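Peer 1: Sharing a structure with you now.
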Amino acid sequence: MRWMRTAGRGLLVLAVVMAGCVASGARADDGIAGGCGPITLATAGDLTGYLGPLLEGWNRAHPGERVTLVELPDSADETHAQMTTDLRGGDRSRFDVLNIDVAWTSEFAAAGWIRPLPRDRFPLKTFLPPVVDTATYDGRLYAVPYVTNAGLLLYRKDVLAKEGVAPPRTWAELERDAKTIAPKYGLGGYAGQFLPYEGLTVNAAEAVYSAGGTILGDEGERVTVNSAAAREGIGFLARGVREGWIPKQALTYKEEESKQAFQDGRLLFLRNWPYAYVVASAKGSEVAGKVGAVPLPGPNGPGTSVLGGSNLAVSAHARHPESAARLIAYLTSERVQRQVLTRGALPPVRAALYDDPVLIRQFPYLPTLRASVMAAAPRPKSPRYDQVSLVVQAVVDDALTGQETPESAVRRLARELAAISHR
């Protein structure tokens, strides 16, 4: 039976991970051969404190391969800067395993900072299919998906119930409710993450993707953003700010600020990651028991989220790459992935966990999140992703603040992205 074969493979992977290093089956052509020993794991700040206990479990079982956790700043931009500075140090690099944003895989792979990994070493078929694409570059696997994420539309279900209105499925419904219902209750209409930082790149990409457009193709070599779909998507956001159903204050929001505004009862609708649902629904929140979540809307029905989350990669200068690969297999095993969700409130990459009735009772948004992940798309792939993101942020910010029309913003975006791709 299929479930028995799948379970058998999962148990085999975990058994291999827990066995001694010599028994792990490393091959010289793996690209990760090189013996075992102590390793370091570099990650952005662990806001929920879940990761330390997971690594303690590894260290107890693997005293000769102890892992040291190195927490970098909470900010993705600062974490990226510190990681890249370290990796440019070559053999002096402090990091063996890197917990990297899914958008950085192409950049790190193209720069030669992380090692290609053998696909057959990891149970990729047990993961949600879209997440695997975030870990590849130029047709090769360079990382292993660790946590995933997709944007959700959070809404005040108590307010919509009073109005006899279903949660919005389209942009027109979202706009109508944000304009007409929110003011009746003293609420702002809709917000996302619109400060010029990585979050604005995500929100802009989701608007373009939801309208049927793209930004880059062919691993960043082709610019595809100059389209009617991109003008429609960016125009939707710009119109919201201009007409006021997106509050001007939202132009200062990152994830935490926007989550706090919703949690404090100041917004009718919010685009955010699933963690915001968990926090806003928790005891002590002003809106506990009043929060619903649905997929992001689009022009004619459910839209397209950008895939978030992180991947685990082995540094090109890892001291003990075999131990690094074994740690990655441990952290992506189904048993540990369950703890990533229950202890860290982070969406796992293992598909089976989204069908678990016990987990669904604890995390009611899981079916919605799975649907969003399955329909999601990665951020634009490019070996110069950091430059791509900065350009998107700057141009879209000008459109949202009214300094440029959506039409001229899209034309400018195409020109500036073309200049990056031809460097």
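Residues are named by chain letter and number: chains run A, B, ... in the order of the structure tokens, numbers start at 1 in each chain, and ligands are numbered from 1 in the order shown.
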Extract, using only C-alpha atoms, all DNA, RNA and protein residues at most 10 Å from stretch 189-193 of chain A, discarding same-chain residues fewer than 3 positions from it, and format them as a VMD selection string.
Peer 2: chain A and resid 151 153 to 155 174 to 183 186 196 to 204 237 240 to 241 244 to 259 261 to 262 266 to 272
Peer 1: Within 12 Å of A:Leu72, counting only C-alpha atoms, which residues qualify if same-chain residues fewer than 5 places away don't, as a list in words?
Peer 2: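 Listing them by chain and then by number gives Leu41, Ala42, Thr43, Ala44, Gly45, Asp46, Leu47, Asp77, Glu78, Thr79, His80, Ala81, Gln82, Met83, Asp86, Phe95, Leu98, Asn99 and Ile100 of chain A.
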Peer 1: With distances taken over only C-alpha atoms, which of A:Ser323, A:Asn59, A:Asp101, A:Leu413 is nearest to A:Ser75?
Peer 2: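 The closest residue to A:Ser75 is A:Asp101.
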Peer 1: Of the residues A:Pro63, A:Gly402, A:Gly52, A:Pro274, which is the one nearest to A:Cys36, using only C-alpha atoms?
Peer 2: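 For A:Cys36, the nearest of the candidates is A:Pro63.
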Peer 1: Please report, as a ChimeraX atom specification, each residue of stretch 187-378 of chain A to which DSSP assigns alpha helix (DSSP H) when run on this structure's backbone.
Peer 2: /A:198-210,228-243,255-263,274-281,321-331,334-344,357-362,366-374
Peer 1: Determine, counting only C-alpha atoms, which protein, DNA and RNA residues have an atom within 8 Å of an atom of A:Arg379; residues of the same chain fewer than 4 positions away are not included. Present the result as JSON, numbers by chain.
Peer 2: {"A": [103, 202, 205, 306, 307]}
Peer 1: Next, write the just-selected residues to a file, as a short mmCIF file (atom, residue, chain, number, x, y, z; two decimals), in the first residue's frame, keeping all heavy atoms as the atom set.
Peer 2:
```
data_model
loop_
_atom_site.label_atom_id
_atom_site.label_comp_id
_atom_site.auth_asym_id
_atom_site.auth_seq_id
_atom_site.Cartn_x
_atom_site.Cartn_y
_atom_site.Cartn_z
N ALA A 103 14.37 32.84 -0.97
CA ALA A 103 14.72 33.69 -2.11
C ALA A 103 16.23 33.79 -2.33
O ALA A 103 16.66 34.29 -3.36
CB ALA A 103 14.15 35.09 -1.91
N VAL A 202 7.54 41.16 -1.65
CA VAL A 202 6.61 40.03 -1.58
C VAL A 202 5.19 40.48 -1.93
O VAL A 202 4.51 39.86 -2.75
CB VAL A 202 6.65 39.40 -0.17
CG1 VAL A 202 5.49 38.43 0.03
CG2 VAL A 202 7.97 38.69 0.06
N ALA A 205 4.96 41.33 -5.64
CA ALA A 205 5.00 40.13 -6.46
C ALA A 205 3.67 39.38 -6.40
O ALA A 205 3.17 38.89 -7.42
CB ALA A 205 6.15 39.22 -6.02
N VAL A 306 3.11 34.49 -2.67
CA VAL A 306 4.53 34.21 -2.82
C VAL A 306 4.93 33.19 -1.75
O VAL A 306 4.48 33.27 -0.61
CB VAL A 306 5.36 35.50 -2.66
CG1 VAL A 306 6.81 35.20 -2.32
CG2 VAL A 306 5.28 36.33 -3.94
N LEU A 307 5.73 32.23 -2.14
CA LEU A 307 6.22 31.25 -1.17
C LEU A 307 7.23 31.91 -0.24
O LEU A 307 8.18 32.55 -0.67
CB LEU A 307 6.91 30.08 -1.88
CG LEU A 307 6.02 28.98 -2.42
CD1 LEU A 307 6.81 28.03 -3.28
CD2 LEU A 307 5.34 28.22 -1.29
#
```
Peer 1: What is the distance between atom CA of A:Glu286 and atom CA of A:Gly265, in Å to one decimal?
Peer 2: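 One can read the atom CA of A:Glu286 to atom CA of A:Gly265 distance as 6.1 Å.
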Peer 1: For a test of reading the model, state the distance in Å between atom CA of A:Arg326 and atom CA of A:Leu312, rounded to one decimal.
Peer 2: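 So the two atoms, atom CA of A:Arg326 and atom CA of A:Leu312, lie 11.3 Å apart.
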Peer 1: Using only C-alpha atoms, can you tell me which of A:Val291, A:Val223, A:Arg231, A:Ala135 comes closest to A:Val410?
Peer 2: A:Arg231
Peer 1: Under the rule that only C-alpha atoms are counted, which of A:Ala109, A:Leu369, A:Leu128, A:Ala76 is the nearest residue to A:Glu219?
Peer 2: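 Closest residue, counting only C-alpha atoms: A:Ala109.
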Peer 1: Could you check how far atom CA of A:Ala375 sits from atom CA of A:Thr304, in Å to one decimal?
Peer 2: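 We find that atom CA of A:Ala375 and atom CA of A:Thr304 lie 6.1 Å from each other.
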Peer 1: Of the residues A:Val97, A:Ala419, A:Ala280, A:Ala376, which is the one nearest to A:His320, using only C-alpha atoms?
Peer 2: A:Val97
Peer 1: Considering only C-alpha atoms, can you say which of A:Glu56, A:Glu404, A:Glu206, A:Glu65 comes closest to A:Leu296?
Peer 2: A:Glu206
Peer 1: Residues near A:Ala229, anyone? I mean within 12 Å using only C-alpha atoms, not counting same-chain ones fewer than 2 positions away, as a ChimeraX atom specification.
Peer 2: /A:204-215,224-227,231-236,298-299,406-407,410
Peer 1: I'd like the neighbourhood of A:Val314 as a list in words, where a residue qualifies if any of its atoms comes within 10 Å (using only C-alpha atoms), though same-chain residues fewer than 4 positions away should be ignored.
Peer 2: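 Selected residues are Ile32, Leu41, Phe95, Asp96, Val97, Leu98, Asn99, Trp113, Ile114, Arg115, Pro116, Leu117, Tyr142, Ala143, Val144, Ala318, His320, Pro321, Glu322, Ser323, Ala324, Ala325, Leu327 and Ile328 of chain A.
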Peer 1: Please produce an output containing N, CA, C and O atoms for each residue in the selection, written as a compact mmCIF listing (two decimals), in the first residue's frame.
Peer 2:
```
# COMPACT_ATOMS: atom_id res chain seq x y z
N ILE A 32 29.24 15.89 -0.71
CA ILE A 32 29.20 16.26 0.71
C ILE A 32 30.08 15.33 1.54
O ILE A 32 30.04 15.37 2.76
N LEU A 41 25.23 25.95 13.00
CA LEU A 41 24.03 26.27 12.23
C LEU A 41 23.75 27.75 12.39
O LEU A 41 23.53 28.23 13.51
N PHE A 95 30.40 29.19 9.45
CA PHE A 95 29.12 28.49 9.34
C PHE A 95 29.24 27.22 8.50
O PHE A 95 29.90 27.21 7.46
N ASP A 96 28.57 26.16 8.97
CA ASP A 96 28.53 24.89 8.23
C ASP A 96 27.16 24.68 7.57
O ASP A 96 27.07 24.33 6.40
N VAL A 97 26.09 24.87 8.35
CA VAL A 97 24.73 24.77 7.83
C VAL A 97 24.11 26.15 7.89
O VAL A 97 24.26 26.87 8.89
N LEU A 98 23.42 26.53 6.82
CA LEU A 98 22.82 27.85 6.71
C LEU A 98 21.31 27.71 6.57
O LEU A 98 20.83 26.99 5.69
N ASN A 99 20.58 28.37 7.43
CA ASN A 99 19.12 28.43 7.32
C ASN A 99 18.81 29.71 6.55
O ASN A 99 18.79 30.80 7.12
N TRP A 113 28.70 29.66 -2.88
CA TRP A 113 28.80 29.67 -1.42
C TRP A 113 28.20 28.43 -0.78
O TRP A 113 28.48 28.15 0.38
N ILE A 114 27.33 27.71 -1.50
CA ILE A 114 26.72 26.50 -0.95
C ILE A 114 26.93 25.34 -1.91
O ILE A 114 27.12 25.55 -3.11
N ARG A 115 26.89 24.13 -1.37
CA ARG A 115 27.21 22.93 -2.14
C ARG A 115 25.96 22.35 -2.80
O ARG A 115 24.89 22.34 -2.18
N PRO A 116 26.09 21.82 -4.01
CA PRO A 116 24.98 21.03 -4.55
C PRO A 116 24.79 19.77 -3.72
O PRO A 116 25.76 19.22 -3.17
N LEU A 117 23.55 19.33 -3.62
CA LEU A 117 23.22 18.17 -2.79
C LEU A 117 22.59 17.07 -3.64
O LEU A 117 21.87 17.36 -4.60
N TYR A 142 20.32 22.60 -4.35
CA TYR A 142 21.37 23.26 -3.57
C TYR A 142 20.98 23.42 -2.10
O TYR A 142 21.78 23.94 -1.32
N ALA A 143 19.79 23.04 -1.73
CA ALA A 143 19.33 23.16 -0.35
C ALA A 143 18.17 22.19 -0.16
O ALA A 143 17.71 21.56 -1.12
N VAL A 144 17.70 22.09 1.07
CA VAL A 144 16.56 21.23 1.38
C VAL A 144 15.52 22.09 2.07
O VAL A 144 15.83 22.79 3.05
N ALA A 318 32.13 24.15 4.59
CA ALA A 318 31.78 23.43 5.81
C ALA A 318 32.95 22.55 6.25
O ALA A 318 33.57 21.85 5.43
N HIS A 320 32.73 19.92 8.27
CA HIS A 320 32.31 18.52 8.28
C HIS A 320 31.00 18.41 7.50
O HIS A 320 29.92 18.31 8.09
N PRO A 321 31.09 18.43 6.17
CA PRO A 321 29.87 18.46 5.34
C PRO A 321 28.98 17.24 5.49
O PRO A 321 27.77 17.33 5.32
N GLU A 322 29.55 16.08 5.82
CA GLU A 322 28.71 14.90 6.02
C GLU A 322 27.82 15.09 7.24
O GLU A 322 26.62 14.81 7.22
N SER A 323 28.38 15.58 8.33
CA SER A 323 27.56 15.86 9.51
C SER A 323 26.53 16.95 9.22
O SER A 323 25.40 16.90 9.71
N ALA A 324 26.92 17.93 8.41
CA ALA A 324 25.99 19.00 8.04
C ALA A 324 24.79 18.43 7.30
O ALA A 324 23.64 18.78 7.57
N ALA A 325 25.04 17.52 6.36
CA ALA A 325 23.94 16.91 5.60
C ALA A 325 23.06 16.05 6.49
O ALA A 325 21.83 16.01 6.34
N LEU A 327 22.52 16.53 9.70
CA LEU A 327 21.70 17.42 10.51
C LEU A 327 20.49 17.91 9.71
O LEU A 327 19.36 17.99 10.23
N ILE A 328 20.70 18.21 8.43
CA ILE A 328 19.59 18.66 7.59
C ILE A 328 18.54 17.56 7.47
O ILE A 328 17.33 17.81 7.54
```
Peer 1: Counting only C-alpha atoms, what is within 12 Å of A:Leu341, bar same-chain residues fewer than 2 positions away, as a PyMOL selection string?
Peer 2: chain A and resi 48+50-51+54+146-149+274-275+278+332+334-339+343-350+353-354+359-360+362-363+366
Peer 1: Would you give me, as a PyMOL selection string, the residues in stretch 264-337 of chain A that DSSP reads as strand (DSSP E or B)?
Peer 2: chain A and resi 267-272+291-295+297-298+302+306-315
Peer 1: Pull C-alpha atoms from the residues just selected and write them as a PDB file, in the first residue's frame.
Peer 2:
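In the end it all went to out.pdb:
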```
ATOM      1  CA  LEU A 267      -8.010  46.615  10.686  1.00  0.00           C
ATOM      2  CA  LEU A 268     -10.754  44.675   8.935  1.00  0.00           C
ATOM      3  CA  PHE A 269      -8.399  42.803   6.569  1.00  0.00           C
ATOM      4  CA  LEU A 270      -4.695  41.963   6.726  1.00  0.00           C
ATOM      5  CA  ARG A 271      -2.338  40.127   4.425  1.00  0.00           C
ATOM      6  CA  ASN A 272       0.272  38.349   6.560  1.00  0.00           C
ATOM      7  CA  VAL A 291     -10.137  35.952  13.383  1.00  0.00           C
ATOM      8  CA  GLY A 292     -10.702  34.074  10.136  1.00  0.00           C
ATOM      9  CA  ALA A 293      -8.268  33.237   7.346  1.00  0.00           C
ATOM     10  CA  VAL A 294      -8.768  32.588   3.629  1.00  0.00           C
ATOM     11  CA  PRO A 295      -6.461  32.491   0.607  1.00  0.00           C
ATOM     12  CA  PRO A 297      -7.969  37.177  -3.305  1.00  0.00           C
ATOM     13  CA  GLY A 298      -7.173  37.982  -6.935  1.00  0.00           C
ATOM     14  CA  PRO A 302      -8.317  33.292  -5.289  1.00  0.00           C
ATOM     15  CA  VAL A 306       4.533  34.208  -2.818  1.00  0.00           C
ATOM     16  CA  LEU A 307       6.222  31.249  -1.172  1.00  0.00           C
ATOM     17  CA  GLY A 308       7.974  32.193   2.036  1.00  0.00           C
ATOM     18  CA  GLY A 309       9.965  30.087   4.426  1.00  0.00           C
ATOM     19  CA  SER A 310      13.540  28.907   4.537  1.00  0.00           C
ATOM     20  CA  ASN A 311      15.844  26.231   3.174  1.00  0.00           C
ATOM     21  CA  LEU A 312      18.798  24.473   4.792  1.00  0.00           C
ATOM     22  CA  ALA A 313      22.060  24.514   2.837  1.00  0.00           C
ATOM     23  CA  VAL A 314      25.590  23.219   3.393  1.00  0.00           C
ATOM     24  CA  SER A 315      28.289  25.866   3.169  1.00  0.00           C
TER      25      SER A 315
END
```
